[in-house]
Amino acid sequence: MKNMRIEDIEIQVIKKSIKNMYIAVYKADGRVRITAPKRMKDEDIRNFAVSKLGWIKKQRAKYKNLEIEPQKEYVSGESHYFQGRAYLLNVIYTDKKQRVEIHKHQMDLYIREGSTREQRKKVMNEWYRSQLKGEIPKLIEKWEQIMGVKVNSFGVKLMKTKWGTCNIAAKRIWINLELAKRSPRCLEYIVVHEMAHLLERYHNKRFYTYMDQYLPDWKEIKEELKSGGSLA
Ligand SMILES: [Zn+2]
């Protein structure tokens, strides 16, 4: 498997023992994949892709409308969120450590020259992850004392439909990576919500009584999470 790039579109090429060439645009992320016969030359595959460019763009535009957050390209001038605030992205090429630095209203992304969108996104997400991993233990410690529960471990991952989850038996909570972009009180609300599951498994009256007790304004924060929107 190898990749091909036409304009700003990354195309995955897979060779198989087949007779005809196939092209697909994936709904989830707009990814393009061409499946081609084993002996097909790269040049012919490229020509085929170019001939399909109009169709590819149309499909991707159609799917983009379904997307919750507009696709970021990770280029200078874009706005990116961190802890509920928008920062202007500034891309800086480096051959040293790839990283993100915040300076006032600016987010400096240090990246290899010629890096792809996916590579930039990865550096950003790793940074978001490290930021959350720095914040979450403080919150867990604070709320363990208040709520009288114990969290054995936590993890951060990208989730499509949930802000957090709790494995009650393992006393482990998972926090959605997207929360790095939201205000600190949103993160705290989700941590408290997941920890409340250590007191009550279900979203029942007892559960919400705990929420009212510990975070009286939790409903307002929940609305903030919804309206600011990448997840329902
Ligand atoms: Zn829950």
# chains A, B, ... in the order shown; residues from 1 in each chain; ligands from 1
call {"tool": "closest_atom_pairs", "arguments": {"of": "chain A", "to": "ligand 1", "cutoff": "10 Å", "atoms": "only C-alpha atoms and all ligand atoms", "output": "CSV"}}
result
residue,atom,partner,partner_atom_place_in_ligand_line,distance
A:Lys162,CA,ligand 1,1 (Zn),9.2
A:Trp163,CA,ligand 1,1 (Zn),9.2
A:Gly164,CA,ligand 1,1 (Zn),7.6
A:Thr165,CA,ligand 1,1 (Zn),6.8
A:Cys166,CA,ligand 1,1 (Zn),7.5
A:Ile190,CA,ligand 1,1 (Zn),8.7
A:Val192,CA,ligand 1,1 (Zn),9.8
A:His193,CA,ligand 1,1 (Zn),6.1
A:Glu194,CA,ligand 1,1 (Zn),5.9
A:Met195,CA,ligand 1,1 (Zn),9.0
A:Ala196,CA,ligand 1,1 (Zn),8.0
A:His197,CA,ligand 1,1 (Zn),6.5
A:Glu200,CA,ligand 1,1 (Zn),9.4
A:Arg201,CA,ligand 1,1 (Zn),7.9
A:Tyr202,CA,ligand 1,1 (Zn),7.1
A:His203,CA,ligand 1,1 (Zn),6.1
A:Asn204,CA,ligand 1,1 (Zn),9.8
A:Phe207,CA,ligand 1,1 (Zn),8.8
A:Tyr208,CA,ligand 1,1 (Zn),10.0
call {"tool": "select_by_dssp", "arguments": {"residues": "segment 155-215 of chain A", "states": "strand (DSSP E or B)", "output": "PyMOL selection string"}}
result
chain A and resi 155-157+164-167+172-176
call {"tool": "residues_around", "arguments": {"residues": "Val75 of chain A", "least_positions_apart": "5", "cutoff": "12 Å", "atoms": "only C-alpha atoms", "output": "PyMOL selection string"}}
result
chain A and resi 80+88-93+107-111+113-121+124
call {"tool": "write_last_selection", "arguments": {"atoms": "C-alpha atoms", "output": "mmCIF file, in the first residue's frame"}}
result
data_model
loop_
_atom_site.group_PDB
_atom_site.id
_atom_site.type_symbol
_atom_site.label_atom_id
_atom_site.label_comp_id
_atom_site.auth_asym_id
_atom_site.auth_seq_id
_atom_site.Cartn_x
_atom_site.Cartn_y
_atom_site.Cartn_z
ATOM 1 C CA HIS A 80 -7.720 26.190 16.914
ATOM 2 C CA LEU A 88 -4.372 31.596 15.795
ATOM 3 C CA LEU A 89 -2.290 28.759 14.414
ATOM 4 C CA ASN A 90 1.227 29.580 13.290
ATOM 5 C CA VAL A 91 3.066 26.766 11.515
ATOM 6 C CA ILE A 92 6.844 26.810 11.935
ATOM 7 C CA TYR A 93 9.161 24.332 10.214
ATOM 8 C CA MET A 107 -0.518 28.605 18.911
ATOM 9 C CA ASP A 108 2.863 27.778 17.399
ATOM 10 C CA LEU A 109 2.998 24.381 15.713
ATOM 11 C CA TYR A 110 6.564 23.208 15.086
ATOM 12 C CA ILE A 111 6.553 20.615 12.361
ATOM 13 C CA GLU A 113 8.673 20.855 6.321
ATOM 14 C CA GLY A 114 6.526 18.916 3.852
ATOM 15 C CA SER A 115 4.532 17.186 6.587
ATOM 16 C CA THR A 116 1.045 16.025 5.672
ATOM 17 C CA ARG A 117 -2.178 17.167 7.255
ATOM 18 C CA GLU A 118 -2.354 13.848 9.119
ATOM 19 C CA GLN A 119 1.144 14.292 10.531
ATOM 20 C CA ARG A 120 0.336 17.814 11.723
ATOM 21 C CA LYS A 121 -2.884 16.644 13.253
ATOM 22 C CA MET A 124 -1.441 18.581 17.697
#
call {"tool": "closest_atom_pairs", "arguments": {"of": "segment 89-147 of chain A", "to": "segment 174-184 of chain A", "cutoff": "7 Å", "atoms": "only C-alpha atoms", "output": "Markdown table"}}
result
| residue | atom | partner | partner_atom | distance |
| --- | --- | --- | --- | --- |
| A:Tyr128 | CA | A:Ala180 | CA | 5.7 |
| A:Arg129 | CA | A:Leu177 | CA | 6.2 |
| A:Leu132 | CA | A:Ala180 | CA | 5.9 |
call {"tool": "write_last_selection", "arguments": {"atoms": "C-alpha atoms", "output": "compact mmCIF listing (two decimals), in the first residue's frame"}}
result
# COMPACT_ATOMS: atom_id res chain seq x y z
CA TYR A 128 -3.70 18.05 23.44
CA ARG A 129 -3.36 14.63 25.04
CA LEU A 132 -5.17 16.71 29.43
call {"tool": "atom_distance", "arguments": {"atom1": "atom CA of Lys72 of chain A", "atom2": "atom CA of Gly30 of chain A"}}
result
12.6 Å
call {"tool": "closest_residue", "arguments": {"among": "A:Thr94, A:Gly84, A:Val191, A:Ala169", "to": "Ile136 of chain A", "atoms": "only C-alpha atoms"}}
result
A:Val191
call {"tool": "atom_distance", "arguments": {"atom1": "atom CA of Glu141 of chain A", "atom2": "atom CA of Asp212 of chain A"}}
result
19.9 Å
call {"tool": "closest_residue", "arguments": {"among": "A:Gln71, A:Gln106, A:Ser153, A:Gln98", "to": "Arg85 of chain A", "atoms": "only C-alpha atoms"}}
result
A:Gln106
call {"tool": "closest_atom_pairs", "arguments": {"of": "segment 56-156 of chain A", "to": "segment 47-52 of chain A", "cutoff": "12 Å", "atoms": "only C-alpha atoms", "output": "tab-separated table"}}
result
residue	atom	partner	partner_atom	distance
A:Ile56	CA	A:Lys52	CA	6.1
A:Lys57	CA	A:Lys52	CA	8.7
A:Lys58	CA	A:Lys52	CA	10.0
A:Gln59	CA	A:Lys52	CA	10.7
call {"tool": "select_by_dssp", "arguments": {"residues": "segment 23-128 of chain A", "states": "helix (DSSP H, G or I)", "output": "count of residues only"}}
result
34
call {"tool": "residues_around", "arguments": {"residues": "segment 39-42 of chain A", "least_positions_apart": "6", "cutoff": "10 Å", "atoms": "only C-alpha atoms", "output": "number ranges by chain"}}
result
A: 4, 13, 15-21, 48
call {"tool": "decode", "arguments": {"residues": "segment 24-59 of chain A", "atoms": "N, CA and C atoms", "output": "PDB file, in the first residue's frame"}}
result
ATOM      1  N   ALA A  24     -12.903   4.750  -4.135  1.00  0.00           N
ATOM      2  CA  ALA A  24     -13.921   4.957  -3.094  1.00  0.00           C
ATOM      3  C   ALA A  24     -13.559   6.171  -2.260  1.00  0.00           C
ATOM      4  N   VAL A  25     -14.598   6.916  -1.849  1.00  0.00           N
ATOM      5  CA  VAL A  25     -14.406   8.025  -0.919  1.00  0.00           C
ATOM      6  C   VAL A  25     -15.126   7.634   0.363  1.00  0.00           C
ATOM      7  N   TYR A  26     -14.395   7.641   1.463  1.00  0.00           N
ATOM      8  CA  TYR A  26     -14.996   7.207   2.729  1.00  0.00           C
ATOM      9  C   TYR A  26     -15.772   8.319   3.416  1.00  0.00           C
ATOM     10  N   LYS A  27     -16.961   7.947   3.826  1.00  0.00           N
ATOM     11  CA  LYS A  27     -17.889   8.878   4.441  1.00  0.00           C
ATOM     12  C   LYS A  27     -17.349   9.454   5.751  1.00  0.00           C
ATOM     13  N   ALA A  28     -16.712   8.608   6.540  1.00  0.00           N
ATOM     14  CA  ALA A  28     -16.292   9.013   7.884  1.00  0.00           C
ATOM     15  C   ALA A  28     -15.288  10.157   7.865  1.00  0.00           C
ATOM     16  N   ASP A  29     -14.304  10.086   6.978  1.00  0.00           N
ATOM     17  CA  ASP A  29     -13.251  11.101   7.026  1.00  0.00           C
ATOM     18  C   ASP A  29     -12.861  11.634   5.640  1.00  0.00           C
ATOM     19  N   GLY A  30     -13.619  11.286   4.627  1.00  0.00           N
ATOM     20  CA  GLY A  30     -13.323  11.795   3.290  1.00  0.00           C
ATOM     21  C   GLY A  30     -12.087  11.186   2.646  1.00  0.00           C
ATOM     22  N   ARG A  31     -11.579  10.126   3.248  1.00  0.00           N
ATOM     23  CA  ARG A  31     -10.406   9.441   2.735  1.00  0.00           C
ATOM     24  C   ARG A  31     -10.709   8.859   1.353  1.00  0.00           C
ATOM     25  N   VAL A  32      -9.702   8.887   0.474  1.00  0.00           N
ATOM     26  CA  VAL A  32      -9.898   8.334  -0.868  1.00  0.00           C
ATOM     27  C   VAL A  32      -9.011   7.109  -1.029  1.00  0.00           C
ATOM     28  N   ARG A  33      -9.580   6.065  -1.574  1.00  0.00           N
ATOM     29  CA  ARG A  33      -8.798   4.843  -1.781  1.00  0.00           C
ATOM     30  C   ARG A  33      -9.008   4.317  -3.189  1.00  0.00           C
ATOM     31  N   ILE A  34      -7.884   3.963  -3.835  1.00  0.00           N
ATOM     32  CA  ILE A  34      -7.966   3.335  -5.156  1.00  0.00           C
ATOM     33  C   ILE A  34      -7.449   1.913  -5.031  1.00  0.00           C
ATOM     34  N   THR A  35      -8.213   0.978  -5.528  1.00  0.00           N
ATOM     35  CA  THR A  35      -7.764  -0.405  -5.580  1.00  0.00           C
ATOM     36  C   THR A  35      -7.461  -0.709  -7.047  1.00  0.00           C
ATOM     37  N   ALA A  36      -6.231  -1.121  -7.309  1.00  0.00           N
ATOM     38  CA  ALA A  36      -5.799  -1.284  -8.696  1.00  0.00           C
ATOM     39  C   ALA A  36      -5.202  -2.673  -8.917  1.00  0.00           C
ATOM     40  N   PRO A  37      -5.230  -3.129 -10.181  1.00  0.00           N
ATOM     41  CA  PRO A  37      -4.582  -4.409 -10.500  1.00  0.00           C
ATOM     42  C   PRO A  37      -3.084  -4.334 -10.198  1.00  0.00           C
ATOM     43  N   LYS A  38      -2.511  -5.459  -9.845  1.00  0.00           N
ATOM     44  CA  LYS A  38      -1.099  -5.520  -9.437  1.00  0.00           C
ATOM     45  C   LYS A  38      -0.123  -4.912 -10.448  1.00  0.00           C
ATOM     46  N   ARG A  39      -0.345  -5.155 -11.721  1.00  0.00           N
ATOM     47  CA  ARG A  39       0.632  -4.715 -12.718  1.00  0.00           C
ATOM     48  C   ARG A  39       0.426  -3.270 -13.172  1.00  0.00           C
ATOM     49  N   MET A  40      -0.597  -2.653 -12.712  1.00  0.00           N
ATOM     50  CA  MET A  40      -0.912  -1.287 -13.143  1.00  0.00           C
ATOM     51  C   MET A  40       0.204  -0.313 -12.767  1.00  0.00           C
ATOM     52  N   LYS A  41       0.601   0.523 -13.719  1.00  0.00           N
ATOM     53  CA  LYS A  41       1.673   1.493 -13.462  1.00  0.00           C
ATOM     54  C   LYS A  41       1.147   2.675 -12.647  1.00  0.00           C
ATOM     55  N   ASP A  42       2.011   3.244 -11.799  1.00  0.00           N
ATOM     56  CA  ASP A  42       1.629   4.387 -10.964  1.00  0.00           C
ATOM     57  C   ASP A  42       1.080   5.530 -11.820  1.00  0.00           C
ATOM     58  N   GLU A  43       1.701   5.717 -12.973  1.00  0.00           N
ATOM     59  CA  GLU A  43       1.288   6.798 -13.856  1.00  0.00           C
ATOM     60  C   GLU A  43      -0.164   6.626 -14.316  1.00  0.00           C
ATOM     61  N   ASP A  44      -0.527   5.386 -14.611  1.00  0.00           N
ATOM     62  CA  ASP A  44      -1.909   5.118 -15.044  1.00  0.00           C
ATOM     63  C   ASP A  44      -2.887   5.313 -13.891  1.00  0.00           C
ATOM     64  N   ILE A  45      -2.432   4.943 -12.705  1.00  0.00           N
ATOM     65  CA  ILE A  45      -3.295   5.115 -11.530  1.00  0.00           C
ATOM     66  C   ILE A  45      -3.526   6.609 -11.283  1.00  0.00           C
ATOM     67  N   ARG A  46      -2.430   7.367 -11.428  1.00  0.00           N
ATOM     68  CA  ARG A  46      -2.524   8.817 -11.235  1.00  0.00           C
ATOM     69  C   ARG A  46      -3.483   9.451 -12.260  1.00  0.00           C
ATOM     70  N   ASN A  47      -3.348   9.034 -13.507  1.00  0.00           N
ATOM     71  CA  ASN A  47      -4.233   9.567 -14.550  1.00  0.00           C
ATOM     72  C   ASN A  47      -5.699   9.240 -14.263  1.00  0.00           C
ATOM     73  N   PHE A  48      -5.903   8.021 -13.784  1.00  0.00           N
ATOM     74  CA  PHE A  48      -7.256   7.591 -13.424  1.00  0.00           C
ATOM     75  C   PHE A  48      -7.800   8.494 -12.303  1.00  0.00           C
ATOM     76  N   ALA A  49      -6.953   8.750 -11.282  1.00  0.00           N
ATOM     77  CA  ALA A  49      -7.367   9.585 -10.149  1.00  0.00           C
ATOM     78  C   ALA A  49      -7.699  10.998 -10.615  1.00  0.00           C
ATOM     79  N   VAL A  50      -6.847  11.540 -11.498  1.00  0.00           N
ATOM     80  CA  VAL A  50      -7.079  12.900 -12.002  1.00  0.00           C
ATOM     81  C   VAL A  50      -8.405  12.968 -12.759  1.00  0.00           C
ATOM     82  N   SER A  51      -8.677  11.916 -13.531  1.00  0.00           N
ATOM     83  CA  SER A  51      -9.929  11.901 -14.300  1.00  0.00           C
ATOM     84  C   SER A  51     -11.158  11.848 -13.379  1.00  0.00           C
ATOM     85  N   LYS A  52     -10.937  11.369 -12.155  1.00  0.00           N
ATOM     86  CA  LYS A  52     -12.042  11.249 -11.185  1.00  0.00           C
ATOM     87  C   LYS A  52     -12.096  12.411 -10.200  1.00  0.00           C
ATOM     88  N   LEU A  53     -11.210  13.384 -10.396  1.00  0.00           N
ATOM     89  CA  LEU A  53     -11.058  14.461  -9.419  1.00  0.00           C
ATOM     90  C   LEU A  53     -12.363  15.213  -9.123  1.00  0.00           C
ATOM     91  N   GLY A  54     -13.100  15.525 -10.184  1.00  0.00           N
ATOM     92  CA  GLY A  54     -14.369  16.241 -10.009  1.00  0.00           C
ATOM     93  C   GLY A  54     -15.325  15.444  -9.128  1.00  0.00           C
ATOM     94  N   TRP A  55     -15.394  14.155  -9.412  1.00  0.00           N
ATOM     95  CA  TRP A  55     -16.276  13.268  -8.657  1.00  0.00           C
ATOM     96  C   TRP A  55     -15.810  13.159  -7.195  1.00  0.00           C
ATOM     97  N   ILE A  56     -14.485  13.028  -6.997  1.00  0.00           N
ATOM     98  CA  ILE A  56     -13.920  12.926  -5.633  1.00  0.00           C
ATOM     99  C   ILE A  56     -14.308  14.159  -4.824  1.00  0.00           C
ATOM    100  N   LYS A  57     -14.123  15.318  -5.424  1.00  0.00           N
ATOM    101  CA  LYS A  57     -14.411  16.574  -4.721  1.00  0.00           C
ATOM    102  C   LYS A  57     -15.887  16.686  -4.358  1.00  0.00           C
ATOM    103  N   LYS A  58     -16.725  16.260  -5.284  1.00  0.00           N
ATOM    104  CA  LYS A  58     -18.158  16.312  -5.046  1.00  0.00           C
ATOM    105  C   LYS A  58     -18.549  15.410  -3.874  1.00  0.00           C
ATOM    106  N   GLN A  59     -17.988  14.206  -3.865  1.00  0.00           N
ATOM    107  CA  GLN A  59     -18.282  13.271  -2.770  1.00  0.00           C
ATOM    108  C   GLN A  59     -17.816  13.836  -1.438  1.00  0.00           C
TER     109      GLN A  59
END
